[in-house]
>>> print(open('structure_5.csv').read())   # CSV, C-alpha atoms
chain,number,residue,atom,x,y,z
A,1,MET,CA,-8.6,34.1,-88.0
A,2,PRO,CA,-10.2,32.7,-91.2
A,3,ARG,CA,-9.7,29.1,-92.2
A,4,ALA,CA,-9.6,27.5,-95.6
A,5,PHE,CA,-10.7,24.1,-96.9
A,6,LEU,CA,-9.5,23.0,-100.3
A,7,ILE,CA,-11.4,19.9,-101.4
A,8,VAL,CA,-10.4,17.9,-104.5
A,9,MET,CA,-13.2,15.8,-106.0
A,10,ASP,CA,-10.7,13.5,-107.8
A,11,SER,CA,-11.4,13.4,-111.5
A,12,VAL,CA,-14.6,15.4,-111.5
A,13,GLY,CA,-13.9,17.4,-114.7
A,14,CYS,CA,-16.4,19.7,-116.3
A,15,GLY,CA,-15.5,19.7,-120.1
A,16,GLY,CA,-12.6,19.2,-122.4
A,17,ALA,CA,-9.7,21.6,-121.8
A,18,PRO,CA,-8.6,23.8,-124.7
A,19,ASP,CA,-5.8,21.4,-125.5
A,20,ALA,CA,-7.8,18.2,-125.0
A,21,ASP,CA,-7.2,17.1,-128.6
A,22,ARG,CA,-3.5,17.0,-128.0
A,23,PHE,CA,-4.2,14.3,-125.4
A,24,GLY,CA,-6.8,12.5,-127.5
A,25,ASP,CA,-9.6,13.7,-125.2
A,26,ALA,CA,-11.5,16.1,-127.4
A,27,GLY,CA,-15.2,15.8,-126.5
A,28,SER,CA,-14.7,14.5,-123.0
A,29,ASN,CA,-16.9,15.9,-120.2
A,30,THR,CA,-17.1,14.0,-117.0
A,31,LEU,CA,-19.9,15.9,-115.2
A,32,GLY,CA,-21.8,16.8,-118.3
A,33,HIS,CA,-21.9,13.3,-119.8
A,34,ILE,CA,-22.8,11.7,-116.4
A,35,ALA,CA,-25.8,14.1,-116.1
A,36,GLU,CA,-26.9,13.4,-119.7
A,37,ALA,CA,-26.7,9.6,-119.1
A,38,CYS,CA,-28.7,9.9,-115.9
A,39,ALA,CA,-31.4,12.0,-117.6
A,40,ARG,CA,-31.7,9.4,-120.4
A,41,GLY,CA,-32.1,6.5,-117.9
A,42,ARG,CA,-28.7,5.0,-118.6
A,43,ALA,CA,-27.5,5.2,-115.0
A,44,ASP,CA,-30.4,3.5,-113.2
A,45,VAL,CA,-28.4,1.1,-111.1
A,46,ASP,CA,-29.1,1.5,-107.4
A,47,ARG,CA,-30.4,5.0,-108.2
A,48,LYS,CA,-32.9,6.4,-110.7
A,49,GLY,CA,-33.5,9.4,-113.0
A,50,ALA,CA,-31.7,12.7,-113.3
A,51,LEU,CA,-28.5,13.4,-111.4
A,52,ARG,CA,-29.4,15.0,-108.1
A,53,VAL,CA,-26.6,17.2,-106.7
A,54,PRO,CA,-28.6,20.3,-105.6
A,55,VAL,CA,-26.0,21.6,-103.1
A,56,LEU,CA,-23.1,21.6,-105.6
A,57,VAL,CA,-25.4,23.0,-108.3
A,58,GLY,CA,-26.5,25.7,-105.9
A,59,LEU,CA,-22.9,26.7,-105.5
A,60,GLY,CA,-22.4,26.9,-109.2
A,61,LEU,CA,-21.5,23.4,-110.5
A,62,GLY,CA,-23.9,23.6,-113.5
A,63,ALA,CA,-22.7,27.0,-114.3
A,64,ALA,CA,-19.1,25.7,-114.3
A,65,VAL,CA,-20.0,23.0,-116.8
A,66,ARG,CA,-21.7,25.5,-119.1
A,67,LEU,CA,-18.7,27.8,-118.9
A,68,SER,CA,-16.3,25.1,-119.8
A,69,SER,CA,-18.2,23.2,-122.5
A,70,GLY,CA,-21.4,25.1,-123.3
A,71,LEU,CA,-23.4,22.1,-122.2
A,72,SER,CA,-26.6,22.8,-120.3
A,73,ALA,CA,-26.8,19.4,-118.7
A,74,PRO,CA,-30.2,18.3,-117.2
A,75,GLY,CA,-30.6,19.3,-113.6
A,76,PHE,CA,-27.7,21.8,-113.8
A,77,GLY,CA,-29.8,25.0,-114.4
A,78,ALA,CA,-30.1,26.5,-111.0
A,79,GLU,CA,-28.8,30.1,-110.5
A,80,PRO,CA,-25.4,29.9,-108.6
A,81,GLN,CA,-25.4,31.2,-105.1
A,82,GLY,CA,-21.7,30.7,-104.4
A,83,LEU,CA,-18.3,31.4,-105.9
A,84,TRP,CA,-18.1,29.6,-109.2
A,85,GLY,CA,-15.9,29.3,-112.3
A,86,ALA,CA,-13.7,26.7,-114.0
A,87,ALA,CA,-9.9,26.2,-114.1
A,88,THR,CA,-7.5,25.2,-116.9
A,89,GLU,CA,-4.2,23.5,-116.3
A,90,VAL,CA,-0.9,24.4,-117.9
A,91,SER,CA,1.2,21.4,-116.7
A,92,ASN,CA,1.9,18.8,-119.5
A,93,GLY,CA,-0.2,16.0,-117.9
A,94,LYS,CA,-3.6,14.8,-116.8
A,95,ASP,CA,-2.5,13.0,-113.7
A,96,THR,CA,-2.8,13.3,-110.0
A,97,PRO,CA,0.6,15.0,-109.1
A,98,SER,CA,0.3,17.5,-112.0
A,99,GLY,CA,-3.2,18.5,-111.0
A,100,HIS,CA,-2.7,18.7,-107.3
A,101,TRP,CA,0.7,20.4,-107.4
A,102,GLU,CA,-0.6,23.1,-109.8
A,103,LEU,CA,-3.7,23.6,-107.7
A,104,ALA,CA,-1.2,24.2,-104.8
A,105,GLY,CA,0.7,26.8,-106.8
A,106,VAL,CA,3.4,24.7,-108.5
A,107,PRO,CA,3.0,23.8,-112.2
A,108,VAL,CA,5.2,20.9,-113.2
A,109,PRO,CA,8.4,22.2,-114.8
A,110,TRP,CA,9.4,19.1,-116.6
A,111,ASP,CA,7.9,16.5,-119.0
A,112,TRP,CA,6.9,13.3,-117.2
A,113,THR,CA,8.4,9.9,-118.4
A,114,TYR,CA,5.7,7.6,-119.8
A,115,PHE,CA,6.1,4.0,-120.7
A,116,PRO,CA,5.4,2.8,-124.3
A,117,HIS,CA,2.3,0.9,-125.4
A,118,THR,CA,4.3,-2.2,-126.0
A,119,ILE,CA,4.7,-5.6,-124.5
A,120,PRO,CA,7.0,-5.5,-122.6
A,121,ALA,CA,6.5,-1.9,-121.5
A,122,PHE,CA,9.4,-1.6,-119.1
A,123,PRO,CA,13.1,-1.4,-119.8
A,124,ASP,CA,15.2,-4.4,-118.8
A,125,ASP,CA,17.1,-2.6,-116.1
A,126,ILE,CA,13.9,-1.6,-114.3
A,127,VAL,CA,12.6,-5.2,-114.5
A,128,ARG,CA,15.9,-6.5,-113.1
A,129,GLU,CA,15.7,-4.0,-110.2
A,130,VAL,CA,12.2,-5.0,-109.3
A,131,CYS,CA,13.3,-8.7,-109.3
A,132,ARG,CA,16.3,-7.9,-107.2
A,133,LEU,CA,14.3,-6.0,-104.6
A,134,ALA,CA,11.4,-8.5,-104.6
A,135,GLY,CA,13.7,-11.5,-104.6
A,136,THR,CA,12.0,-13.1,-107.6
A,137,ASP,CA,13.1,-14.5,-110.9
A,138,GLY,CA,10.6,-12.4,-112.9
A,139,ILE,CA,7.5,-10.2,-113.0
A,140,LEU,CA,4.0,-10.5,-114.4
A,141,GLY,CA,2.2,-8.1,-116.6
A,142,ASN,CA,4.8,-5.6,-117.9
A,143,CYS,CA,2.2,-3.7,-120.0
A,144,HIS,CA,-0.4,-1.0,-120.0
A,145,ALA,CA,-3.5,-2.2,-118.2
A,146,SER,CA,-6.3,-1.4,-115.9
A,147,GLY,CA,-6.0,-2.7,-112.3
A,148,ILE,CA,-8.8,-5.2,-112.0
A,149,PRO,CA,-8.4,-6.9,-115.4
A,150,ILE,CA,-4.6,-7.3,-115.0
A,151,ILE,CA,-5.0,-8.9,-111.6
A,152,ALA,CA,-7.7,-11.2,-112.9
A,153,GLU,CA,-5.4,-12.2,-115.8
A,154,HIS,CA,-2.4,-13.0,-113.6
A,155,ILE,CA,-3.6,-13.8,-110.1
A,156,GLU,CA,-3.1,-17.6,-110.5
A,157,ALA,CA,0.4,-17.2,-111.8
A,158,HIS,CA,1.1,-14.6,-109.0
A,159,LEU,CA,-0.1,-17.0,-106.3
A,160,SER,CA,1.9,-19.9,-107.8
A,161,THR,CA,5.2,-18.1,-108.6
A,162,GLY,CA,5.2,-15.2,-106.1
A,163,TRP,CA,6.1,-12.8,-108.9
A,164,PRO,CA,4.7,-9.3,-108.6
A,165,ILE,CA,2.2,-8.0,-111.1
A,166,CYS,CA,3.6,-4.8,-112.7
A,167,TYR,CA,1.7,-2.5,-115.0
A,168,THR,CA,1.4,1.1,-116.1
A,169,SER,CA,-1.2,3.5,-117.7
A,170,ALA,CA,-1.4,6.7,-119.7
A,171,ASP,CA,-0.1,8.4,-116.5
A,172,SER,CA,3.5,8.5,-115.5
A,173,VAL,CA,3.2,5.7,-113.1
A,174,PHE,CA,4.6,2.2,-112.2
A,175,GLN,CA,2.0,0.1,-110.4
A,176,ILE,CA,2.7,-3.1,-108.5
A,177,ALA,CA,-0.1,-5.4,-107.5
A,178,ALA,CA,0.4,-8.2,-105.0
A,179,HIS,CA,-1.6,-10.4,-102.6
A,180,GLU,CA,-1.5,-9.0,-99.1
A,181,GLU,CA,-1.1,-12.4,-97.5
A,182,ALA,CA,0.7,-14.6,-100.1
A,183,PHE,CA,3.2,-11.9,-101.1
A,184,GLY,CA,2.9,-9.8,-97.9
A,185,LEU,CA,1.6,-6.2,-97.5
A,186,GLU,CA,4.8,-4.9,-95.8
A,187,ARG,CA,6.9,-6.6,-98.4
A,188,LEU,CA,4.9,-4.9,-101.2
A,189,LEU,CA,5.2,-1.5,-99.6
A,190,ARG,CA,8.9,-1.9,-99.0
A,191,LEU,CA,9.4,-3.0,-102.6
A,192,CYS,CA,7.6,0.1,-103.9
A,193,ALA,CA,9.5,2.4,-101.5
A,194,ASP,CA,12.8,1.0,-102.5
A,195,LEU,CA,12.1,1.1,-106.2
A,196,ALA,CA,10.7,4.7,-106.1
A,197,PRO,CA,14.0,6.6,-106.0
A,198,MET,CA,15.2,5.0,-109.3
A,199,LEU,CA,12.0,5.8,-111.1
A,200,HIS,CA,11.7,9.3,-109.6
A,201,ALA,CA,15.2,10.1,-110.9
A,202,ARG,CA,13.8,9.3,-114.4
A,203,LYS,CA,10.8,11.6,-113.8
A,204,VAL,CA,8.3,8.8,-113.4
A,205,GLY,CA,5.7,10.5,-111.2
A,206,ARG,CA,4.5,7.7,-108.9
A,207,VAL,CA,5.2,4.1,-107.8
A,208,ILE,CA,1.9,2.7,-106.5
A,209,ALA,CA,1.4,-0.3,-104.3
A,210,ARG,CA,-1.9,-2.1,-105.2
A,211,PRO,CA,-2.6,-4.8,-102.7
A,212,PHE,CA,-5.4,-7.2,-103.0
A,213,VAL,CA,-6.8,-10.2,-101.2
A,214,GLY,CA,-8.9,-13.3,-102.0
A,215,THR,CA,-8.8,-16.1,-104.5
A,216,PRO,CA,-8.7,-16.2,-108.4
A,217,ASP,CA,-12.5,-16.6,-108.4
A,218,ASN,CA,-13.1,-13.9,-105.7
A,219,PHE,CA,-10.5,-11.2,-105.2
A,220,LYS,CA,-10.7,-7.5,-104.3
A,221,ARG,CA,-8.3,-4.7,-104.0
A,222,THR,CA,-7.9,-3.4,-100.4
A,223,ALA,CA,-7.8,0.1,-98.9
A,224,ASN,CA,-4.0,-0.3,-98.2
A,225,ARG,CA,-3.0,1.3,-101.5
A,226,LYS,CA,0.0,3.6,-101.1
A,227,ASP,CA,1.4,6.1,-103.6
A,228,PHE,CA,5.2,6.8,-103.5
A,229,ALA,CA,5.2,10.1,-105.4
A,230,ILE,CA,8.1,12.3,-106.6
A,231,ALA,CA,8.4,15.4,-104.3
A,232,PRO,CA,7.1,18.7,-105.7
A,233,PRO,CA,10.0,20.7,-107.2
A,234,SER,CA,9.4,23.8,-105.1
A,235,PRO,CA,7.3,24.9,-102.0
A,236,THR,CA,3.6,24.6,-102.4
A,237,LEU,CA,0.6,26.1,-100.7
A,238,LEU,CA,1.0,23.6,-97.8
A,239,ASP,CA,4.6,24.8,-97.4
A,240,TRP,CA,3.6,28.4,-97.5
A,241,ALA,CA,1.1,27.9,-94.8
A,242,ALA,CA,3.4,25.9,-92.6
A,243,ALA,CA,6.2,28.5,-93.0
A,244,ASP,CA,3.8,31.1,-91.7
A,245,GLY,CA,3.1,29.0,-88.6
A,246,ARG,CA,-0.3,27.8,-89.7
A,247,ALA,CA,-1.7,24.4,-88.8
A,248,THR,CA,-2.0,22.2,-91.9
A,249,HIS,CA,-4.3,19.2,-92.3
A,250,ALA,CA,-4.1,16.6,-95.1
A,251,VAL,CA,-7.1,14.3,-95.7
A,252,GLY,CA,-6.8,11.2,-97.8
A,253,LYS,CA,-3.9,10.7,-100.2
A,254,ILE,CA,-2.8,14.4,-100.0
A,255,GLY,CA,0.1,13.2,-97.8
A,256,ASP,CA,1.3,10.8,-100.5
A,257,ILE,CA,0.9,13.3,-103.3
A,258,PHE,CA,3.0,16.0,-101.5
A,259,SER,CA,5.5,13.6,-99.9
A,260,MET,CA,4.3,14.9,-96.5
A,261,ARG,CA,5.9,18.3,-97.1
A,262,GLY,CA,4.2,21.1,-95.3
A,263,ILE,CA,1.7,18.7,-93.7
A,264,GLY,CA,1.2,18.9,-89.9
A,265,CYS,CA,-1.5,16.3,-89.4
A,266,LEU,CA,-2.5,13.5,-91.8
A,267,HIS,CA,-6.0,12.0,-91.7
A,268,LYS,CA,-6.5,8.7,-93.5
A,269,GLY,CA,-9.4,6.3,-93.9
A,270,LYS,CA,-10.4,3.1,-95.7
A,271,SER,CA,-13.1,4.9,-97.8
A,272,ASP,CA,-14.3,8.3,-98.9
A,273,ALA,CA,-17.0,7.9,-96.2
A,274,ASP,CA,-14.3,7.7,-93.6
A,275,LEU,CA,-12.6,10.8,-95.1
A,276,PHE,CA,-15.8,12.8,-95.1
A,277,GLU,CA,-16.1,12.1,-91.3
A,278,HIS,CA,-12.6,13.6,-91.0
A,279,LEU,CA,-13.7,16.6,-93.0
A,280,ILE,CA,-16.7,17.2,-90.8
A,281,ARG,CA,-14.6,16.8,-87.7
A,282,LEU,CA,-12.0,19.3,-89.0
A,283,GLY,CA,-14.8,21.7,-89.8
A,284,SER,CA,-15.5,21.7,-86.1
A,285,GLU,CA,-12.0,21.4,-84.7
A,286,ALA,CA,-9.4,22.8,-87.2
A,287,GLU,CA,-7.5,25.7,-85.7
A,288,PRO,CA,-8.0,29.4,-86.5
A,289,GLY,CA,-6.0,30.3,-89.6
A,290,SER,CA,-5.5,26.7,-90.6
A,291,LEU,CA,-5.5,25.0,-94.0
A,292,THR,CA,-7.2,21.7,-94.7
A,293,PHE,CA,-6.4,20.1,-98.0
A,294,ALA,CA,-8.6,17.0,-98.8
A,295,ASN,CA,-8.8,14.5,-101.7
A,296,PHE,CA,-11.8,12.2,-102.3
A,297,VAL,CA,-10.4,9.6,-104.6
A,298,GLU,CA,-13.2,7.1,-105.1
A,299,PHE,CA,-14.8,9.1,-107.9
A,300,ASP,CA,-11.7,8.3,-109.9
A,301,THR,CA,-10.6,4.8,-108.7
A,302,LEU,CA,-13.9,3.1,-108.2
A,303,TYR,CA,-16.0,4.7,-111.0
A,304,GLY,CA,-14.0,6.7,-113.5
A,305,HIS,CA,-11.4,4.1,-114.5
A,306,PRO,CA,-13.9,1.2,-114.5
A,307,ARG,CA,-16.2,3.4,-116.7
A,308,ASP,CA,-19.1,2.9,-114.2
A,309,VAL,CA,-21.5,5.8,-115.0
A,310,ALA,CA,-24.1,4.8,-112.4
A,311,GLY,CA,-21.6,4.3,-109.7
A,312,TYR,CA,-20.0,7.7,-110.5
A,313,ALA,CA,-23.5,9.3,-110.3
A,314,ARG,CA,-24.2,7.5,-107.0
A,315,ALA,CA,-20.9,8.8,-105.6
A,316,LEU,CA,-21.7,12.4,-106.6
A,317,GLU,CA,-25.1,12.2,-105.1
A,318,TRP,CA,-23.8,10.7,-101.8
A,319,PHE,CA,-21.1,13.5,-101.6
A,320,ASP,CA,-23.7,16.2,-102.3
A,321,ALA,CA,-26.0,14.8,-99.6
A,322,ARG,CA,-23.2,15.0,-97.0
A,323,LEU,CA,-22.2,18.6,-97.7
A,324,PRO,CA,-24.8,20.3,-95.4
A,325,ASP,CA,-23.3,18.4,-92.5
A,326,PHE,CA,-19.9,19.9,-93.3
A,327,PHE,CA,-21.2,23.4,-94.1
A,328,ALA,CA,-22.9,23.4,-90.6
A,329,THR,CA,-19.4,23.3,-89.0
A,330,LEU,CA,-18.0,26.3,-90.9
A,331,GLY,CA,-17.7,29.8,-89.4
A,332,PRO,CA,-18.6,33.1,-91.2
A,333,ASP,CA,-15.0,33.8,-92.1
A,334,ASP,CA,-14.2,30.3,-93.5
A,335,LEU,CA,-13.7,29.5,-97.1
A,336,ALA,CA,-14.4,26.1,-98.7
A,337,ILE,CA,-13.4,25.5,-102.3
A,338,PHE,CA,-14.3,22.4,-104.3
A,339,THR,CA,-12.4,21.5,-107.4
A,340,ALA,CA,-10.8,18.6,-109.2
A,341,ASP,CA,-7.4,17.6,-110.5
A,342,HIS,CA,-8.3,16.3,-114.0
A,343,GLY,CA,-11.2,14.5,-115.6
A,344,ASN,CA,-12.1,10.8,-115.9
A,345,ASP,CA,-15.2,10.7,-118.2
A,346,PRO,CA,-16.9,7.3,-117.6
A,347,THR,CA,-18.7,7.6,-120.9
A,348,PHE,CA,-15.4,8.1,-122.8
A,349,ARG,CA,-13.3,5.5,-124.7
A,350,GLY,CA,-10.6,3.6,-122.8
A,351,THR,CA,-10.0,3.6,-119.1
A,352,GLU,CA,-7.7,6.6,-118.6
A,353,HIS,CA,-8.0,10.1,-117.2
A,354,THR,CA,-9.3,12.8,-119.6
A,355,ARG,CA,-7.8,16.2,-120.1
A,356,GLU,CA,-10.5,18.6,-118.9
A,357,CYS,CA,-11.2,21.9,-117.3
A,358,VAL,CA,-12.2,21.5,-113.6
A,359,PRO,CA,-14.9,23.2,-111.6
A,360,VAL,CA,-14.0,25.8,-109.0
A,361,ILE,CA,-16.9,26.4,-106.7
A,362,GLY,CA,-16.9,27.7,-103.2
A,363,LEU,CA,-18.7,28.7,-100.1
A,364,GLY,CA,-17.7,31.7,-98.0
A,365,ALA,CA,-16.9,34.3,-100.7
A,366,GLY,CA,-20.5,35.3,-101.5
A,367,THR,CA,-22.1,35.0,-104.9
A,368,LYS,CA,-19.3,35.6,-107.3
A,369,ALA,CA,-18.6,34.5,-110.9
A,370,ILE,CA,-14.9,34.2,-111.4
A,371,GLY,CA,-14.9,32.9,-115.0
A,372,GLN,CA,-12.1,30.9,-116.5
A,373,VAL,CA,-9.1,30.8,-114.2
A,374,GLY,CA,-5.8,28.9,-113.9
A,375,PHE,CA,-5.1,26.1,-111.5
A,376,THR,CA,-2.5,28.2,-109.7
A,377,ASP,CA,-5.1,30.9,-109.1
A,378,VAL,CA,-6.8,28.5,-106.7
A,379,ALA,CA,-3.6,28.4,-104.6
A,380,ALA,CA,-3.2,32.2,-104.8
A,381,SER,CA,-6.8,32.7,-103.7
A,382,VAL,CA,-6.6,30.3,-100.7
A,383,ALA,CA,-3.3,31.9,-99.7
A,384,THR,CA,-4.9,35.4,-100.0
A,385,HIS,CA,-7.9,34.3,-97.9
A,386,LEU,CA,-5.5,33.0,-95.2
A,387,GLY,CA,-3.3,36.1,-95.3
A,388,LEU,CA,-0.2,34.2,-96.1
A,389,SER,CA,3.0,35.9,-96.9
A,390,THR,CA,3.5,33.8,-100.1
A,391,THR,CA,0.8,33.5,-102.8
A,392,GLY,CA,2.7,31.9,-105.6
A,393,PRO,CA,2.5,32.7,-109.4
A,394,GLY,CA,-1.3,32.7,-109.6
A,395,ARG,CA,-3.7,35.6,-109.2
A,396,SER,CA,-6.4,35.6,-106.5
A,397,PHE,CA,-10.0,35.6,-107.7
A,398,LEU,CA,-11.4,36.6,-104.4
>>> encode(input="structure_5.csv", output="structure tokens")
Amino acid sequence: MPRAFLIVMDSVGCGGAPDADRFGDAGSNTLGHIAEACARGRADVDRKGALRVPVLVGLGLGAAVRLSSGLSAPGFGAEPQGLWGAATEVSNGKDTPSGHWELAGVPVPWDWTYFPHTIPAFPDDIVREVCRLAGTDGILGNCHASGIPIIAEHIEAHLSTGWPICYTSADSVFQIAAHEEAFGLERLLRLCADLAPMLHARKVGRVIARPFVGTPDNFKRTANRKDFAIAPPSPTLLDWAAADGRATHAVGKIGDIFSMRGIGCLHKGKSDADLFEHLIRLGSEAEPGSLTFANFVEFDTLYGHPRDVAGYARALEWFDARLPDFFATLGPDDLAIFTADHGNDPTFRGTEHTRECVPVIGLGAGTKAIGQVGFTDVAASVATHLGLSTTGPGRSFL
């Protein structure tokens, strides 16, 4: 039986979506602008020159960028040899749950709750509940912020008072940062888990634990992040596969995003390098007829939000160089689709996600231009390839 591998390169967008201006993101283009910066020598940190991702470009990555934005980025001109196109989202968000759920066949049917750009950002009743659950007299932060700067600003007060650092972003999210040793990792995870139902009831998409270690002069976030996401409103591609008795594998934070629904085996790691080893192993070992759904998050967290163009380029080149090892494990009937959930243009203003089209490129369906498709078409195509009894609202492009 054929197998399917759906691989999300987190935030690797390929040009502003048709409604990007509504999100303040007109002109964003994660892949195109990284390639341009590399070609101009503006990303020569631990790498040099043009962006080199020949495997992805050979599948059709450059063609997807041209289709979405009209940009012929340097190094992206090879003729596609795989399945290629670009996808547009209909959900009213540019966040992780919206993108992943819609790729899995379920557009978000509601408007997310976002916190205002004010100080304080959070309502008093939420602050009181955090304090009650944490056993503290207050919180730190209480504003829109990026993770590293907000920890740097409040780490001394956090260590002296024990108060958690709470912040949000342009996403529908409530994030809590705390020291793994001084505050306690299990205490932080329990705090987030206990707070999540209250926020989910208000359509806040995620409560995220952001643990860190170290001292005020030398701290770092750890790999023990955990997302407590609201559950999808209806069955997704993972549920469809599980209902048909298929083995389902989740790699990375897919388990958190889908609240473990429809997931048979979860494969976690401390880095994208660990996750790629899982992907290669599953290429060799995953059962006939199985679905593997993977997320590689470091493009977004380590390089997109911090606006690190060179780091993002290095991550893309590393990922591309590992692909032949994965492709060598695939059988002739297998399908591997690479896509993204949103953009995060490291050359763009601010530190937030960008509303972009995303590439849809694949191995195992021959050379095929699919044009501009919808996110839900990805789920329909994977379900069609696997012969599932449910294919959702999308249309297969296979």
>>> residues_around(input="structure_5.csv", residues="Ala294 of chain A", least_positions_apart="4", cutoff="6 Å", atoms="only C-alpha atoms", output="MDAnalysis selection string")
chainID A and resid 7 250:251
>>> closest_residue(input="structure_5.csv", among="A:Lys270, A:Arg261, A:His158, A:Lys253", to="Ala223 of chain A", atoms="only C-alpha atoms")
A:Lys270
>>> atom_distance(input="structure_5.csv", atom1="atom CA of His385 of chain A", atom2="atom CA of Lys268 of chain A")
26.0 Å
>>> closest_residue(input="structure_5.csv", among="A:Leu51, A:Val108, A:Ile280, A:Ala178", to="Pro232 of chain A", atoms="only C-alpha atoms")
A:Val108
>>> closest_residue(input="structure_5.csv", among="A:Arg3, A:Arg22, A:His33, A:Arg190", to="Tyr312 of chain A", atoms="only C-alpha atoms")
A:His33
>>> residues_around(input="structure_5.csv", residues="segment 365-370 of chain A", least_positions_apart="3", cutoff="6 Å", atoms="only C-alpha atoms", output="PyMOL selection string")
chain A and resi 81-85
>>> residues_around(input="structure_5.csv", residues="Thr88 of chain A", least_positions_apart="2", cutoff="9 Å", atoms="all atoms listed in the file", output="MDAnalysis selection string")
chainID A and resid 17:18 86 90 356:358 372:375
>>> residues_around(input="structure_5.csv", residues="Gly32 of chain A", least_positions_apart="2", cutoff="12 Å", atoms="all atoms listed in the file", output="PyMOL selection string")
chain A and resi 12-16+27-30+34-39+50-51+61-76+309+313+343-348+356-359
>>> atom_distance(input="structure_5.csv", atom1="atom CA of Gly147 of chain A", atom2="atom CA of Ile176 of chain A")
9.5 Å
>>> residues_around(input="structure_5.csv", residues="Thr351 of chain A", least_positions_apart="5", cutoff="9 Å", atoms="only C-alpha atoms", output="list of chain:residue names")
A:Ala145, A:Ser146, A:Ser169, A:Gly304, A:His305, A:Pro306, A:Arg307, A:Asn344, A:Asp345, A:Pro346
>>> atom_distance(input="structure_5.csv", atom1="atom CA of Ala43 of chain A", atom2="atom CA of Arg355 of chain A")
23.1 Å
>>> residues_near_point(input="structure_5.csv", point="(-21.4, 26.8, -94.1)", cutoff="12 Å", atoms="all atoms listed in the file", output="MDAnalysis selection string")
chainID A and resid 4:5 55 59 82 280 283:284 323:337 362:366
>>> residues_near_point(input="structure_5.csv", point="(11.6, 7.6, -111.0)", cutoff="8 Å", atoms="all atoms listed in the file", output="PyMOL selection string")
chain A and resi 196-207+230
>>> write_last_selection(input="structure_5.csv", atoms="C-alpha atoms", output="mmCIF file, keeping the file's coordinate frame")
data_model
loop_
_atom_site.group_PDB
_atom_site.id
_atom_site.type_symbol
_atom_site.label_atom_id
_atom_site.label_comp_id
_atom_site.auth_asym_id
_atom_site.auth_seq_id
_atom_site.Cartn_x
_atom_site.Cartn_y
_atom_site.Cartn_z
ATOM 1 C CA ALA A 196 10.700 4.700 -106.100
ATOM 2 C CA PRO A 197 14.000 6.600 -106.000
ATOM 3 C CA MET A 198 15.200 5.000 -109.300
ATOM 4 C CA LEU A 199 12.000 5.800 -111.100
ATOM 5 C CA HIS A 200 11.700 9.300 -109.600
ATOM 6 C CA ALA A 201 15.200 10.100 -110.900
ATOM 7 C CA ARG A 202 13.800 9.300 -114.400
ATOM 8 C CA LYS A 203 10.800 11.600 -113.800
ATOM 9 C CA VAL A 204 8.300 8.800 -113.400
ATOM 10 C CA GLY A 205 5.700 10.500 -111.200
ATOM 11 C CA ARG A 206 4.500 7.700 -108.900
ATOM 12 C CA VAL A 207 5.200 4.100 -107.800
ATOM 13 C CA ILE A 230 8.100 12.300 -106.600
#
>>> closest_residue(input="structure_5.csv", among="A:Thr339, A:Thr215, A:Thr236, A:Asn295", to="Val106 of chain A", atoms="only C-alpha atoms")
A:Thr236
>>> closest_residue(input="structure_5.csv", among="A:Phe183, A:Phe296, A:Trp110, A:Phe122", to="Gly135 of chain A", atoms="only C-alpha atoms")
A:Phe183
>>> build_atoms(input="structure_5.csv", residues="segment 361-368 of chain A", atoms="N, CA, C and O atoms", output="PDB file, in the coordinates of the input")
ATOM      1  N   ILE A 361     -15.722  25.861-107.370  1.00  0.00           N
ATOM      2  CA  ILE A 361     -16.900  26.400-106.700  1.00  0.00           C
ATOM      3  C   ILE A 361     -16.656  26.517-105.233  1.00  0.00           C
ATOM      4  O   ILE A 361     -15.874  25.751-104.675  1.00  0.00           O
ATOM      5  N   GLY A 362     -17.275  27.511-104.600  1.00  0.00           N
ATOM      6  CA  GLY A 362     -16.900  27.700-103.200  1.00  0.00           C
ATOM      7  C   GLY A 362     -18.009  28.349-102.373  1.00  0.00           C
ATOM      8  O   GLY A 362     -18.932  28.996-102.872  1.00  0.00           O
ATOM      9  N   LEU A 363     -17.868  28.138-101.087  1.00  0.00           N
ATOM     10  CA  LEU A 363     -18.700  28.700-100.100  1.00  0.00           C
ATOM     11  C   LEU A 363     -17.897  29.579 -99.163  1.00  0.00           C
ATOM     12  O   LEU A 363     -16.829  29.164 -98.712  1.00  0.00           O
ATOM     13  N   GLY A 364     -18.356  30.793 -98.915  1.00  0.00           N
ATOM     14  CA  GLY A 364     -17.700  31.700 -98.000  1.00  0.00           C
ATOM     15  C   GLY A 364     -17.117  32.929 -98.653  1.00  0.00           C
ATOM     16  O   GLY A 364     -16.487  33.754 -97.989  1.00  0.00           O
ATOM     17  N   ALA A 365     -17.366  33.092 -99.964  1.00  0.00           N
ATOM     18  CA  ALA A 365     -16.900  34.300-100.700  1.00  0.00           C
ATOM     19  C   ALA A 365     -18.086  35.011-101.321  1.00  0.00           C
ATOM     20  O   ALA A 365     -17.893  35.834-102.207  1.00  0.00           O
ATOM     21  N   GLY A 366     -19.301  34.671-100.879  1.00  0.00           N
ATOM     22  CA  GLY A 366     -20.500  35.300-101.500  1.00  0.00           C
ATOM     23  C   GLY A 366     -20.785  34.726-102.838  1.00  0.00           C
ATOM     24  O   GLY A 366     -20.210  33.729-103.271  1.00  0.00           O
ATOM     25  N   THR A 367     -21.724  35.354-103.527  1.00  0.00           N
ATOM     26  CA  THR A 367     -22.100  35.000-104.900  1.00  0.00           C
ATOM     27  C   THR A 367     -21.128  35.694-105.832  1.00  0.00           C
ATOM     28  O   THR A 367     -21.139  36.919-105.906  1.00  0.00           O
ATOM     29  N   LYS A 368     -20.316  34.934-106.548  1.00  0.00           N
ATOM     30  CA  LYS A 368     -19.300  35.600-107.300  1.00  0.00           C
ATOM     31  C   LYS A 368     -18.922  34.690-108.531  1.00  0.00           C
ATOM     32  O   LYS A 368     -18.551  33.519-108.361  1.00  0.00           O
TER      33      LYS A 368
END
